[in-house]
$ cat target-v6.txt   # compact mmCIF, C-alpha atoms
# COMPACT_ATOMS: atom_id res chain seq x y z
CA MET T 108 32.76 153.69 -144.35
CA PRO T 109 30.72 154.38 -141.21
CA ALA T 110 29.27 157.82 -140.71
CA LEU T 111 31.47 158.47 -137.68
CA LEU T 112 34.61 157.88 -139.70
CA ALA T 113 33.42 159.95 -142.61
CA ASP T 114 32.54 162.88 -140.37
CA ALA T 115 35.91 162.74 -138.66
CA GLY T 116 37.96 162.57 -141.86
CA ASN T 117 38.64 158.82 -141.64
CA THR T 118 39.98 159.10 -138.08
CA ALA T 119 39.08 156.38 -135.63
CA PRO T 120 35.95 157.06 -133.55
CA PRO T 121 36.21 157.16 -129.77
CA PRO T 122 35.43 153.98 -127.81
CA PHE T 123 31.78 153.10 -127.54
CA THR T 124 30.42 154.11 -124.13
CA VAL T 125 27.05 154.61 -122.50
CA GLY T 126 27.57 158.35 -122.91
CA ALA T 127 27.92 157.92 -126.67
CA ILE T 128 24.36 156.59 -126.80
CA PHE T 129 23.05 159.97 -125.69
CA THR T 130 25.49 162.24 -127.52
CA GLN T 131 25.36 160.70 -131.01
CA ILE T 132 21.73 161.49 -131.87
CA HIS T 133 20.60 161.33 -135.51
CA LEU T 134 17.01 162.29 -136.37
CA THR T 135 17.24 162.32 -140.18
CA SER T 136 16.40 158.69 -141.00
CA LEU T 137 13.17 157.46 -142.56
CA ILE T 138 12.59 155.26 -139.53
CA ALA T 139 12.64 158.34 -137.28
CA LEU T 140 10.01 159.98 -139.50
CA PHE T 141 7.88 156.83 -139.43
CA MET T 142 8.01 156.69 -135.63
CA VAL T 143 6.93 160.31 -135.27
CA VAL T 144 4.00 159.76 -137.64
CA ALA T 145 3.01 156.48 -135.96
CA ALA T 146 3.08 158.06 -132.48
CA ALA T 147 1.01 161.04 -133.65
CA VAL T 148 -1.62 158.85 -135.33
CA TYR T 149 -1.85 156.54 -132.32
CA LEU T 150 -2.26 159.42 -129.86
CA TYR T 151 -4.86 161.02 -132.13
CA GLY T 152 -6.88 157.80 -132.04
CA VAL T 153 -6.66 157.60 -128.24
CA ARG T 154 -7.76 161.24 -127.98
CA ARG T 155 -10.76 160.63 -130.22
CA LEU T 156 -11.88 157.72 -128.08
CA ARG T 157 -11.61 159.70 -124.87
CA ARG T 158 -13.43 162.73 -126.31
CA ARG T 159 -16.47 160.60 -127.04
CA GLY T 160 -16.31 158.98 -123.59
CA ASP T 161 -14.78 155.62 -124.54
CA ALA T 162 -11.94 154.10 -122.54
CA TRP T 163 -8.63 152.89 -123.91
CA PRO T 164 -6.28 150.99 -121.59
CA ALA T 165 -3.27 153.10 -120.61
CA GLY T 166 -1.12 149.96 -120.66
CA ARG T 167 -1.67 149.59 -124.40
CA THR T 168 -0.63 153.18 -125.03
CA ILE T 169 2.51 152.75 -122.92
CA ALA T 170 3.34 149.47 -124.67
CA PHE T 171 3.04 150.98 -128.14
CA LEU T 172 4.73 154.33 -127.51
CA VAL T 173 7.36 153.48 -124.88
CA GLY T 174 8.01 149.77 -125.33
CA GLY T 175 7.48 149.63 -129.09
CA LEU T 176 8.40 152.94 -130.71
CA GLY T 177 10.63 153.88 -127.77
CA SER T 178 12.80 150.78 -128.03
CA ILE T 179 13.11 151.18 -131.79
CA ALA T 180 14.12 154.81 -131.37
CA ALA T 181 16.69 153.82 -128.74
CA VAL T 182 18.64 151.80 -131.31
CA THR T 183 18.02 153.78 -134.52
CA VAL T 184 18.43 157.46 -133.66
CA SER T 185 20.95 157.20 -130.80
CA GLY T 186 24.62 156.31 -130.48
CA VAL T 187 23.67 152.68 -131.05
CA GLU T 188 22.89 153.60 -134.65
CA ALA T 189 26.06 155.69 -134.87
CA TYR T 190 28.22 152.68 -133.96
CA ASP T 191 26.26 149.86 -135.59
CA THR T 192 28.65 149.68 -138.55
CA THR T 193 31.67 150.07 -136.28
CA LEU T 194 31.04 147.24 -133.82
CA LEU T 195 29.28 143.98 -134.65
CA SER T 196 28.24 143.64 -131.00
CA VAL T 197 26.40 146.98 -131.17
CA HIS T 198 24.73 145.92 -134.40
CA MET T 199 23.59 142.69 -132.72
CA ILE T 200 21.93 144.64 -129.90
CA GLN T 201 20.17 146.67 -132.55
CA HIS T 202 19.16 143.49 -134.37
CA MET T 203 17.59 141.98 -131.25
CA VAL T 204 15.62 145.10 -130.39
CA LEU T 205 14.34 145.72 -133.92
CA SER T 206 13.31 142.12 -134.62
CA MET T 207 12.03 141.07 -131.18
CA VAL T 208 11.61 143.70 -128.48
CA GLY T 209 10.02 146.45 -130.57
CA PRO T 210 7.53 144.19 -132.44
CA ILE T 211 6.38 142.52 -129.21
CA PHE T 212 5.41 145.83 -127.62
CA LEU T 213 3.90 147.17 -130.85
CA ALA T 214 1.65 144.09 -130.91
CA LEU T 215 0.63 144.63 -127.27
CA GLY T 216 -0.35 148.20 -128.17
CA ALA T 217 -3.22 146.85 -130.37
CA PRO T 218 -3.05 149.62 -133.03
CA VAL T 219 -5.39 147.76 -135.41
CA THR T 220 -8.05 147.58 -132.72
CA LEU T 221 -7.61 151.30 -132.03
CA PHE T 222 -8.04 152.07 -135.72
CA MET T 223 -11.17 149.91 -135.94
CA ARG T 224 -12.72 151.77 -133.00
CA THR T 225 -11.97 155.26 -134.30
CA ALA T 226 -12.16 155.07 -138.11
CA GLY T 227 -15.29 155.34 -140.22
CA ALA T 228 -17.17 152.41 -141.69
CA ARG T 229 -15.47 152.60 -145.10
CA PRO T 230 -11.86 152.64 -143.79
CA ARG T 231 -12.70 149.79 -141.41
CA LYS T 232 -14.12 147.73 -144.26
CA LYS T 233 -11.02 148.34 -146.38
CA LEU T 234 -8.73 147.33 -143.53
CA VAL T 235 -10.68 144.13 -142.86
CA SER T 236 -10.52 143.29 -146.57
CA LEU T 237 -6.76 143.87 -146.56
CA LEU T 238 -6.16 141.75 -143.46
CA HIS T 239 -8.13 138.87 -144.93
CA SER T 240 -6.68 139.12 -148.44
CA ARG T 241 -4.72 136.16 -149.76
CA PRO T 242 -1.24 137.81 -149.66
CA VAL T 243 -1.67 138.96 -146.06
CA SER T 244 -3.17 135.63 -145.03
CA VAL T 245 -0.16 133.82 -146.48
CA ILE T 246 2.61 135.93 -144.93
CA THR T 247 0.86 136.10 -141.54
CA PHE T 248 0.24 132.34 -141.40
CA PRO T 249 2.27 131.35 -138.31
CA LEU T 250 4.42 128.74 -140.03
CA VAL T 251 5.28 131.09 -142.90
CA ALA T 252 6.04 133.96 -140.53
CA PHE T 253 8.08 131.57 -138.39
CA GLY T 254 10.13 130.50 -141.41
CA LEU T 255 10.85 134.10 -142.39
CA PHE T 256 11.74 135.03 -138.82
CA VAL T 257 14.28 132.27 -138.22
CA ALA T 258 15.76 132.09 -141.75
CA ASN T 259 16.42 135.78 -142.32
CA PRO T 260 19.39 136.13 -139.92
CA PHE T 261 21.14 133.14 -141.50
CA VAL T 262 20.68 134.64 -144.97
CA LEU T 263 21.89 138.04 -143.77
CA TYR T 264 25.02 136.98 -141.92
CA PHE T 265 26.23 134.05 -144.03
CA THR T 266 25.96 135.62 -147.47
CA GLY T 267 27.42 138.75 -148.98
CA LEU T 268 24.33 140.68 -147.96
CA TYR T 269 25.69 141.75 -144.59
CA ARG T 270 28.84 143.25 -146.13
CA ALA T 271 26.64 145.11 -148.64
CA THR T 272 24.62 146.65 -145.79
CA LEU T 273 27.84 148.00 -144.29
CA GLU T 274 28.81 149.64 -147.57
CA HIS T 275 25.44 151.09 -148.62
CA ALA T 276 23.48 153.27 -146.20
CA TRP T 277 20.16 152.83 -148.05
CA LEU T 278 20.43 149.03 -147.87
CA HIS T 279 21.46 149.27 -144.23
CA GLU T 280 18.30 151.18 -143.38
CA LEU T 281 16.18 148.85 -145.50
CA VAL T 282 17.44 145.91 -143.44
CA HIS T 283 16.35 147.75 -140.28
CA VAL T 284 12.84 148.04 -141.70
CA HIS T 285 13.00 144.37 -142.69
CA PHE T 286 13.88 143.38 -139.12
CA ILE T 287 10.86 145.26 -137.78
CA VAL T 288 8.44 143.89 -140.40
CA THR T 289 9.48 140.24 -140.01
CA GLY T 290 9.34 140.60 -136.23
CA CYS T 291 5.82 142.00 -136.42
CA LEU T 292 4.70 139.24 -138.80
CA PHE T 293 5.91 136.64 -136.31
CA PHE T 294 4.86 138.15 -133.00
CA TRP T 295 1.61 139.90 -133.92
CA PRO T 296 -0.46 136.72 -134.50
CA LEU T 297 1.11 135.10 -131.42
CA LEU T 298 0.90 137.92 -128.88
CA GLY T 299 -1.15 140.68 -130.42
CA LEU T 300 -4.56 141.74 -129.17
CA ASP T 301 -5.78 142.77 -132.62
CA PRO T 302 -8.40 140.81 -134.62
CA LEU T 303 -6.01 139.23 -137.13
CA PRO T 304 -6.48 136.15 -139.32
CA ASN T 305 -4.59 132.92 -138.66
CA ARG T 306 -4.82 133.12 -134.88
CA TRP T 307 -3.75 129.79 -133.42
CA PRO T 308 -4.87 128.50 -129.99
CA TYR T 309 -2.52 129.32 -127.14
CA PRO T 310 -0.86 125.88 -126.84
CA ALA T 311 0.14 126.01 -130.52
CA ARG T 312 1.45 129.56 -130.13
CA ALA T 313 3.57 128.55 -127.14
CA LEU T 314 4.95 125.57 -129.06
CA LEU T 315 5.93 127.79 -131.99
CA MET T 316 7.71 130.16 -129.64
CA VAL T 317 9.62 127.28 -128.04
CA LEU T 318 10.68 126.04 -131.48
CA SER T 319 12.24 129.42 -132.29
CA VAL T 320 14.67 129.24 -129.33
CA PRO T 321 17.12 126.68 -130.82
CA PHE T 322 17.57 128.78 -133.94
CA HIS T 323 18.86 131.74 -131.93
CA THR T 324 21.12 129.42 -129.97
CA VAL T 325 22.55 127.79 -133.09
CA LEU T 326 23.06 131.12 -134.84
CA GLY T 327 24.67 132.72 -131.79
CA LEU T 328 27.03 129.79 -131.20
CA THR T 329 27.93 129.63 -134.89
CA ILE T 330 28.89 133.29 -134.92
CA MET T 331 30.87 132.92 -131.70
CA GLN T 332 32.84 129.92 -132.97
CA SER T 333 33.31 131.08 -136.56
CA THR T 334 36.89 131.78 -137.65
CA THR T 335 35.60 133.91 -140.53
CA LEU T 336 34.73 137.48 -139.69
CA LEU T 337 31.26 138.65 -140.62
CA GLY T 338 31.61 141.48 -143.10
CA GLY T 339 34.98 140.24 -144.31
CA ASP T 340 37.74 142.79 -143.88
CA TRP T 341 35.35 145.63 -143.04
CA TYR T 342 35.98 145.67 -139.30
CA PRO T 343 39.75 145.02 -139.46
CA ASN T 344 40.10 147.88 -141.96
CA LEU T 345 38.65 150.27 -139.39
CA ALA T 346 41.86 149.69 -137.38
CA LEU T 347 40.28 150.43 -134.02
CA ALA T 348 42.92 150.40 -131.29
CA TRP T 349 40.26 149.86 -128.62
CA SER T 350 38.43 146.91 -130.23
CA ASP T 351 39.48 143.52 -131.62
CA PRO T 352 37.09 142.33 -134.39
CA LYS T 353 37.42 138.67 -133.42
CA ASN T 354 36.63 139.29 -129.76
CA ASP T 355 33.81 141.64 -130.71
CA GLN T 356 32.30 138.92 -132.91
CA VAL T 357 32.35 136.50 -129.97
CA VAL T 358 30.53 139.10 -127.87
CA ALA T 359 28.03 139.65 -130.69
CA GLY T 360 27.26 135.93 -130.91
CA GLY T 361 26.79 135.79 -127.15
CA ILE T 362 24.37 138.70 -127.27
CA LEU T 363 22.32 136.95 -129.94
CA TRP T 364 22.33 133.66 -128.03
CA ALA T 365 21.52 135.03 -124.58
CA GLY T 366 19.24 137.80 -125.80
CA GLY T 367 17.19 135.41 -127.90
CA GLU T 368 16.62 133.09 -124.95
CA VAL T 369 15.71 135.93 -122.57
CA VAL T 370 13.20 137.41 -125.00
CA SER T 371 11.76 133.98 -125.81
CA VAL T 372 11.25 133.12 -122.14
CA THR T 373 9.62 136.52 -121.57
CA MET T 374 7.42 135.93 -124.57
CA LEU T 375 6.32 132.56 -123.19
CA GLY T 376 5.47 134.22 -119.89
CA ILE T 377 3.26 136.77 -121.67
CA LEU T 378 1.57 133.99 -123.65
CA VAL T 379 0.84 131.99 -120.51
CA LEU T 380 -0.57 135.08 -118.80
CA GLN T 381 -2.82 135.81 -121.78
CA TRP T 382 -3.88 132.15 -121.84
CA ILE T 383 -4.84 132.26 -118.15
CA ARG T 384 -6.81 135.47 -118.62
CA GLN T 385 -8.67 134.05 -121.60
CA SER T 386 -9.55 130.93 -119.58
CA GLU T 387 -10.85 133.11 -116.74
CA ARG T 388 -12.96 135.17 -119.15
CA GLU T 389 -14.37 132.01 -120.70
CA ALA T 390 -15.18 130.60 -117.26
CA ARG T 391 -17.01 133.81 -116.30
CA ARG T 392 -18.91 133.73 -119.59
CA VAL T 393 -20.04 130.14 -118.94
CA ASP T 394 -21.06 131.04 -115.37
CA ARG T 395 -23.16 133.96 -116.61
CA GLN T 396 -24.84 131.74 -119.19
CA LEU T 397 -25.68 129.13 -116.55
CA ASP T 398 -27.03 131.84 -114.24
CA ARG T 399 -29.30 133.13 -117.01
CA GLU T 400 -30.57 129.64 -117.74
CA GLU T 401 -31.27 128.99 -114.06
CA ALA T 402 -33.07 132.34 -113.73
CA ALA T 403 -35.18 131.59 -116.80
CA ALA T 404 -36.08 128.16 -115.45
CA ALA T 405 -37.03 129.63 -112.06
CA SER T 406 -39.25 132.25 -113.69
CA ARG T 407 -41.23 129.54 -115.50
CA GLY T 408 -41.98 127.82 -112.22
CA PRO T 409 -42.03 124.06 -111.56
CA GLU T 410 -43.03 121.89 -114.48
CA ALA T 411 -46.35 120.09 -114.24
CA PRO T 412 -45.97 116.36 -113.52
CA ALA T 413 -46.59 114.11 -116.46
CA GLU T 414 -49.90 112.15 -116.36
$ encode --input "target-v6.txt" --output "structure tokens"
Amino acid sequence: MPALLADAGNTAPPPFTVGAIFTQIHLTSLIALFMVVAAAVYLYGVRRLRRRGDAWPAGRTIAFLVGGLGSIAAVTVSGVEAYDTTLLSVHMIQHMVLSMVGPIFLALGAPVTLFMRTAGARPRKKLVSLLHSRPVSVITFPLVAFGLFVANPFVLYFTGLYRATLEHAWLHELVHVHFIVTGCLFFWPLLGLDPLPNRWPYPARALLMVLSVPFHTVLGLTIMQSTTLLGGDWYPNLALAWSDPKNDQVVAGGILWAGGEVVSVTMLGILVLQWIRQSEREARRVDRQLDREEAAAASRGPEAPAE
């Protein structure tokens, strides 16, 4: 049974409110430990760069710490986590953040680039070898990552796996990690600023992002219209006077549908912005090259006429 019910002697938990998000804090999960370590390592790298006089964009630090780790923390150590086995709609919010919002901002934080600029030659060489190894090249190939990203929710919700995650805390937390990893595999090569293999040109990245939208729509609508409750009799057995499992499942499907489209449109906007900036940088590079060629030609003086 959910932690809230166990702690209260199998009595029904109070209704989920905004206040519950801030009062039901749990800092004992492995994900919480990972986030603390990741934040400390990232800040250490930024500090090392600044101590030797190198700059690191503040926007990347904010993206990684606030947008990435912050969003993950908001749904894994707060009241969202406390209610994620009590309400399917709360779980779906958590799902969206862990698989889409958090990974997008982690990618924009460019942690691999930060590591490459601060680590020694040997660690850098090992990381490059790892990134270009066959297993990593396969799972980060955009079509493979795309397949994992869109197929995983269908496998989770339409098999017995989802019910098992409600019954076993260790599996529940493992699924959280799985959401984050599959999200990073999908978004990092598309949006990330790090030097990763399998980077497609921007038009292909945008097309792949567009293709992911229908899957969220289909999954959300299927959950909304399904007459079978996800998790079987788990939610009805909670006997919550303030929540109807069927209505909550409709809300959960709507969150997945609308949330997926909002995040996808935002993602496309970021891709287009990056594409425009890359085009501007390339145009400036070409202009500088032409200026150098013109200066070199002027320094040689006029060519002698042919006899």
$ closest_residue --input "target-v6.txt" --among "T:Gly209, T:Gly367, T:Pro343, T:Pro242" --to "T:Cys291" --atoms "all atoms listed in the file"
T:Gly209
$ atom_distance --input "target-v6.txt" --atom1 "atom CA of T:Leu140" --atom2 "atom CA of T:Thr193"
24.0 Å
$ atom_distance --input "target-v6.txt" --atom1 "atom CA of T:Leu300" --atom2 "atom CA of T:Ala139"
25.2 Å
$ atom_distance --input "target-v6.txt" --atom1 "atom CA of T:Arg155" --atom2 "atom CA of T:Met223"
12.2 Å
$ closest_atom_pairs --input "target-v6.txt" --of "stretch 111-219 of chain T" --to "stretch 265-289 of chain T" --cutoff "12 Å" --atoms "all atoms listed in the file" --output "JSON lines"
{"residue": "T:Thr135", "atom": "CA", "partner": "T:Glu280", "partner_atom": "CA", "distance": 11.6}
{"residue": "T:Ser136", "atom": "CA", "partner": "T:Glu280", "partner_atom": "CA", "distance": 8.1}
{"residue": "T:Leu137", "atom": "CA", "partner": "T:Glu280", "partner_atom": "CA", "distance": 8.2}
{"residue": "T:Ile138", "atom": "CA", "partner": "T:Val284", "partner_atom": "CA", "distance": 7.5}
{"residue": "T:Ala139", "atom": "CA", "partner": "T:Glu280", "partner_atom": "CA", "distance": 11.0}
{"residue": "T:Phe141", "atom": "CA", "partner": "T:Val284", "partner_atom": "CA", "distance": 10.3}
{"residue": "T:Met142", "atom": "CA", "partner": "T:Val284", "partner_atom": "CA", "distance": 11.6}
{"residue": "T:Gly175", "atom": "CA", "partner": "T:Ile287", "partner_atom": "CA", "distance": 10.3}
{"residue": "T:Leu176", "atom": "CA", "partner": "T:Ile287", "partner_atom": "CA", "distance": 10.7}
{"residue": "T:Ser178", "atom": "CA", "partner": "T:Ile287", "partner_atom": "CA", "distance": 11.4}
{"residue": "T:Ile179", "atom": "CA", "partner": "T:Ile287", "partner_atom": "CA", "distance": 8.7}
{"residue": "T:Ala180", "atom": "CA", "partner": "T:His283", "partner_atom": "CA", "distance": 11.6}
{"residue": "T:Val182", "atom": "CA", "partner": "T:His283", "partner_atom": "CA", "distance": 10.1}
{"residue": "T:Thr183", "atom": "CA", "partner": "T:His283", "partner_atom": "CA", "distance": 8.5}
{"residue": "T:Val184", "atom": "CA", "partner": "T:Glu280", "partner_atom": "CA", "distance": 11.6}
{"residue": "T:Glu188", "atom": "CA", "partner": "T:Glu280", "partner_atom": "CA", "distance": 10.2}
{"residue": "T:Ala189", "atom": "CA", "partner": "T:Ala276", "partner_atom": "CA", "distance": 11.9}
{"residue": "T:Tyr190", "atom": "CA", "partner": "T:Leu273", "partner_atom": "CA", "distance": 11.3}
{"residue": "T:Asp191", "atom": "CA", "partner": "T:Leu273", "partner_atom": "CA", "distance": 9.0}
{"residue": "T:Thr192", "atom": "CA", "partner": "T:Leu273", "partner_atom": "CA", "distance": 6.0}
{"residue": "T:Thr193", "atom": "CA", "partner": "T:Leu273", "partner_atom": "CA", "distance": 9.1}
{"residue": "T:Leu194", "atom": "CA", "partner": "T:Leu273", "partner_atom": "CA", "distance": 11.0}
{"residue": "T:Leu195", "atom": "CA", "partner": "T:Leu273", "partner_atom": "CA", "distance": 10.5}
{"residue": "T:His198", "atom": "CA", "partner": "T:His283", "partner_atom": "CA", "distance": 10.4}
{"residue": "T:Met199", "atom": "CA", "partner": "T:His283", "partner_atom": "CA", "distance": 11.6}
{"residue": "T:Gln201", "atom": "CA", "partner": "T:His283", "partner_atom": "CA", "distance": 8.7}
{"residue": "T:His202", "atom": "CA", "partner": "T:Phe286", "partner_atom": "CA", "distance": 7.1}
{"residue": "T:Met203", "atom": "CA", "partner": "T:Phe286", "partner_atom": "CA", "distance": 8.8}
{"residue": "T:Val204", "atom": "CA", "partner": "T:Ile287", "partner_atom": "CA", "distance": 8.8}
{"residue": "T:Leu205", "atom": "CA", "partner": "T:Ile287", "partner_atom": "CA", "distance": 5.2}
{"residue": "T:Ser206", "atom": "CA", "partner": "T:Phe286", "partner_atom": "CA", "distance": 4.7}
{"residue": "T:Met207", "atom": "CA", "partner": "T:Ile287", "partner_atom": "CA", "distance": 7.9}
{"residue": "T:Val208", "atom": "CA", "partner": "T:Ile287", "partner_atom": "CA", "distance": 9.5}
{"residue": "T:Gly209", "atom": "CA", "partner": "T:Ile287", "partner_atom": "CA", "distance": 7.4}
{"residue": "T:Pro210", "atom": "CA", "partner": "T:Ile287", "partner_atom": "CA", "distance": 6.4}
{"residue": "T:Ile211", "atom": "CA", "partner": "T:Ile287", "partner_atom": "CA", "distance": 10.1}
{"residue": "T:Phe212", "atom": "CA", "partner": "T:Ile287", "partner_atom": "CA", "distance": 11.5}
{"residue": "T:Leu213", "atom": "CA", "partner": "T:Ile287", "partner_atom": "CA", "distance": 10.0}
{"residue": "T:Ala214", "atom": "CA", "partner": "T:Ile287", "partner_atom": "CA", "distance": 11.5}
$ write_last_selection --input "target-v6.txt" --atoms "C-alpha atoms" --output "short mmCIF file (atom, residue, chain, number, x, y, z; two decimals), in the coordinates of the input"
data_model
loop_
_atom_site.label_atom_id
_atom_site.label_comp_id
_atom_site.auth_asym_id
_atom_site.auth_seq_id
_atom_site.Cartn_x
_atom_site.Cartn_y
_atom_site.Cartn_z
CA THR T 135 17.24 162.32 -140.18
CA SER T 136 16.40 158.69 -141.00
CA LEU T 137 13.17 157.46 -142.56
CA ILE T 138 12.59 155.26 -139.53
CA ALA T 139 12.64 158.34 -137.28
CA PHE T 141 7.88 156.83 -139.43
CA MET T 142 8.01 156.69 -135.63
CA GLY T 175 7.48 149.63 -129.09
CA LEU T 176 8.40 152.94 -130.71
CA SER T 178 12.80 150.78 -128.03
CA ILE T 179 13.11 151.18 -131.79
CA ALA T 180 14.12 154.81 -131.37
CA VAL T 182 18.64 151.80 -131.31
CA THR T 183 18.02 153.78 -134.52
CA VAL T 184 18.43 157.46 -133.66
CA GLU T 188 22.89 153.60 -134.65
CA ALA T 189 26.06 155.69 -134.87
CA TYR T 190 28.22 152.68 -133.96
CA ASP T 191 26.26 149.86 -135.59
CA THR T 192 28.65 149.68 -138.55
CA THR T 193 31.67 150.07 -136.28
CA LEU T 194 31.04 147.24 -133.82
CA LEU T 195 29.28 143.98 -134.65
CA HIS T 198 24.73 145.92 -134.40
CA MET T 199 23.59 142.69 -132.72
CA GLN T 201 20.17 146.67 -132.55
CA HIS T 202 19.16 143.49 -134.37
CA MET T 203 17.59 141.98 -131.25
CA VAL T 204 15.62 145.10 -130.39
CA LEU T 205 14.34 145.72 -133.92
CA SER T 206 13.31 142.12 -134.62
CA MET T 207 12.03 141.07 -131.18
CA VAL T 208 11.61 143.70 -128.48
CA GLY T 209 10.02 146.45 -130.57
CA PRO T 210 7.53 144.19 -132.44
CA ILE T 211 6.38 142.52 -129.21
CA PHE T 212 5.41 145.83 -127.62
CA LEU T 213 3.90 147.17 -130.85
CA ALA T 214 1.65 144.09 -130.91
#
$ closest_residue --input "target-v6.txt" --among "T:Ser319, T:Gln356, T:Ser350, T:Gln131" --to "T:Ser333" --atoms "all atoms listed in the file"
T:Gln356
$ closest_residue --input "target-v6.txt" --among "T:Pro308, T:Ala181, T:Tyr264, T:Ala348" --to "T:Thr335" --atoms "all atoms listed in the file"
T:Tyr264
$ closest_residue --input "target-v6.txt" --among "T:Pro321, T:Pro352, T:Gly338, T:Pro296" --to "T:Trp364" --atoms "all atoms listed in the file"
T:Pro321
$ axis_aligned_box --input "target-v6.txt" --around "stretch 273-282 of chain T" --padding-each-side "5 Å" --output "AutoDock Vina command-line options"
--center_x 22.5 --center_y 149.6 --center_z -146.0 --size_x 22.6 --size_y 17.4 --size_z 15.2
$ residues_around --input "target-v6.txt" --residues "T:Thr124" --least-positions-apart "3" --cutoff "10 Å" --atoms "all atoms listed in the file" --output "number ranges by chain"
T: 121, 127-129, 186-187
$ residues_near_point --input "target-v6.txt" --point "(0.8, 132.0, -119.0)" --cutoff "12 Å" --atoms "only C-alpha atoms" --output "ChimeraX atom specification"
/T:298,309-310,312-313,372-387
$ write_last_selection --input "target-v6.txt" --atoms "C-alpha atoms" --output "compact mmCIF listing (two decimals), in the coordinates of the input"
# COMPACT_ATOMS: atom_id res chain seq x y z
CA LEU T 298 0.90 137.92 -128.88
CA TYR T 309 -2.52 129.32 -127.14
CA PRO T 310 -0.86 125.88 -126.84
CA ARG T 312 1.45 129.56 -130.13
CA ALA T 313 3.57 128.55 -127.14
CA VAL T 372 11.25 133.12 -122.14
CA THR T 373 9.62 136.52 -121.57
CA MET T 374 7.42 135.93 -124.57
CA LEU T 375 6.32 132.56 -123.19
CA GLY T 376 5.47 134.22 -119.89
CA ILE T 377 3.26 136.77 -121.67
CA LEU T 378 1.57 133.99 -123.65
CA VAL T 379 0.84 131.99 -120.51
CA LEU T 380 -0.57 135.08 -118.80
CA GLN T 381 -2.82 135.81 -121.78
CA TRP T 382 -3.88 132.15 -121.84
CA ILE T 383 -4.84 132.26 -118.15
CA ARG T 384 -6.81 135.47 -118.62
CA GLN T 385 -8.67 134.05 -121.60
CA SER T 386 -9.55 130.93 -119.58
CA GLU T 387 -10.85 133.11 -116.74
$ residues_around --input "target-v6.txt" --residues "T:Gly254" --least-positions-apart "3" --cutoff "12 Å" --atoms "all atoms listed in the file" --output "list in words"
Val245, Ile246, Thr247, Phe248, Pro249, Leu250, Val251, Val257, Ala258, Asn259, Pro260, Phe261, Val262, Thr289, Gly290, Leu292, Phe293, Leu315, Leu318, Ser319 and Phe322 of chain T
$ build_atoms --input "target-v6.txt" --residues "stretch 311-323 of chain T" --atoms "N, CA and C atoms" --output "PDB file, keeping the file's coordinate frame"
ATOM      1  N   ALA T 311      -0.621 126.026-129.267  1.00  0.00           N
ATOM      2  CA  ALA T 311       0.140 126.010-130.520  1.00  0.00           C
ATOM      3  C   ALA T 311       1.055 127.218-130.608  1.00  0.00           C
ATOM      4  N   ARG T 312       0.606 128.362-130.119  1.00  0.00           N
ATOM      5  CA  ARG T 312       1.450 129.560-130.130  1.00  0.00           C
ATOM      6  C   ARG T 312       2.678 129.348-129.239  1.00  0.00           C
ATOM      7  N   ALA T 313       2.450 128.788-128.059  1.00  0.00           N
ATOM      8  CA  ALA T 313       3.570 128.550-127.140  1.00  0.00           C
ATOM      9  C   ALA T 313       4.566 127.563-127.750  1.00  0.00           C
ATOM     10  N   LEU T 314       4.063 126.538-128.423  1.00  0.00           N
ATOM     11  CA  LEU T 314       4.950 125.570-129.060  1.00  0.00           C
ATOM     12  C   LEU T 314       5.796 126.227-130.144  1.00  0.00           C
ATOM     13  N   LEU T 315       5.194 127.096-130.932  1.00  0.00           N
ATOM     14  CA  LEU T 315       5.930 127.790-131.990  1.00  0.00           C
ATOM     15  C   LEU T 315       7.020 128.677-131.406  1.00  0.00           C
ATOM     16  N   MET T 316       6.717 129.315-130.281  1.00  0.00           N
ATOM     17  CA  MET T 316       7.710 130.160-129.640  1.00  0.00           C
ATOM     18  C   MET T 316       8.870 129.327-129.107  1.00  0.00           C
ATOM     19  N   VAL T 317       8.566 128.167-128.538  1.00  0.00           N
ATOM     20  CA  VAL T 317       9.620 127.280-128.040  1.00  0.00           C
ATOM     21  C   VAL T 317      10.508 126.816-129.184  1.00  0.00           C
ATOM     22  N   LEU T 318       9.910 126.527-130.329  1.00  0.00           N
ATOM     23  CA  LEU T 318      10.680 126.040-131.480  1.00  0.00           C
ATOM     24  C   LEU T 318      11.629 127.094-132.033  1.00  0.00           C
ATOM     25  N   SER T 319      11.361 128.359-131.764  1.00  0.00           N
ATOM     26  CA  SER T 319      12.240 129.420-132.290  1.00  0.00           C
ATOM     27  C   SER T 319      13.521 129.559-131.458  1.00  0.00           C
ATOM     28  N   VAL T 320      13.515 129.062-130.220  1.00  0.00           N
ATOM     29  CA  VAL T 320      14.670 129.240-129.330  1.00  0.00           C
ATOM     30  C   VAL T 320      15.927 128.576-129.872  1.00  0.00           C
ATOM     31  N   PRO T 321      15.880 127.314-130.333  1.00  0.00           N
ATOM     32  CA  PRO T 321      17.120 126.680-130.820  1.00  0.00           C
ATOM     33  C   PRO T 321      17.777 127.420-131.974  1.00  0.00           C
ATOM     34  N   PHE T 322      16.986 128.083-132.802  1.00  0.00           N
ATOM     35  CA  PHE T 322      17.570 128.780-133.940  1.00  0.00           C
ATOM     36  C   PHE T 322      18.456 129.934-133.488  1.00  0.00           C
ATOM     37  N   HIS T 323      18.022 130.669-132.466  1.00  0.00           N
ATOM     38  CA  HIS T 323      18.860 131.740-131.930  1.00  0.00           C
ATOM     39  C   HIS T 323      20.123 131.172-131.282  1.00  0.00           C
TER      40      HIS T 323
END
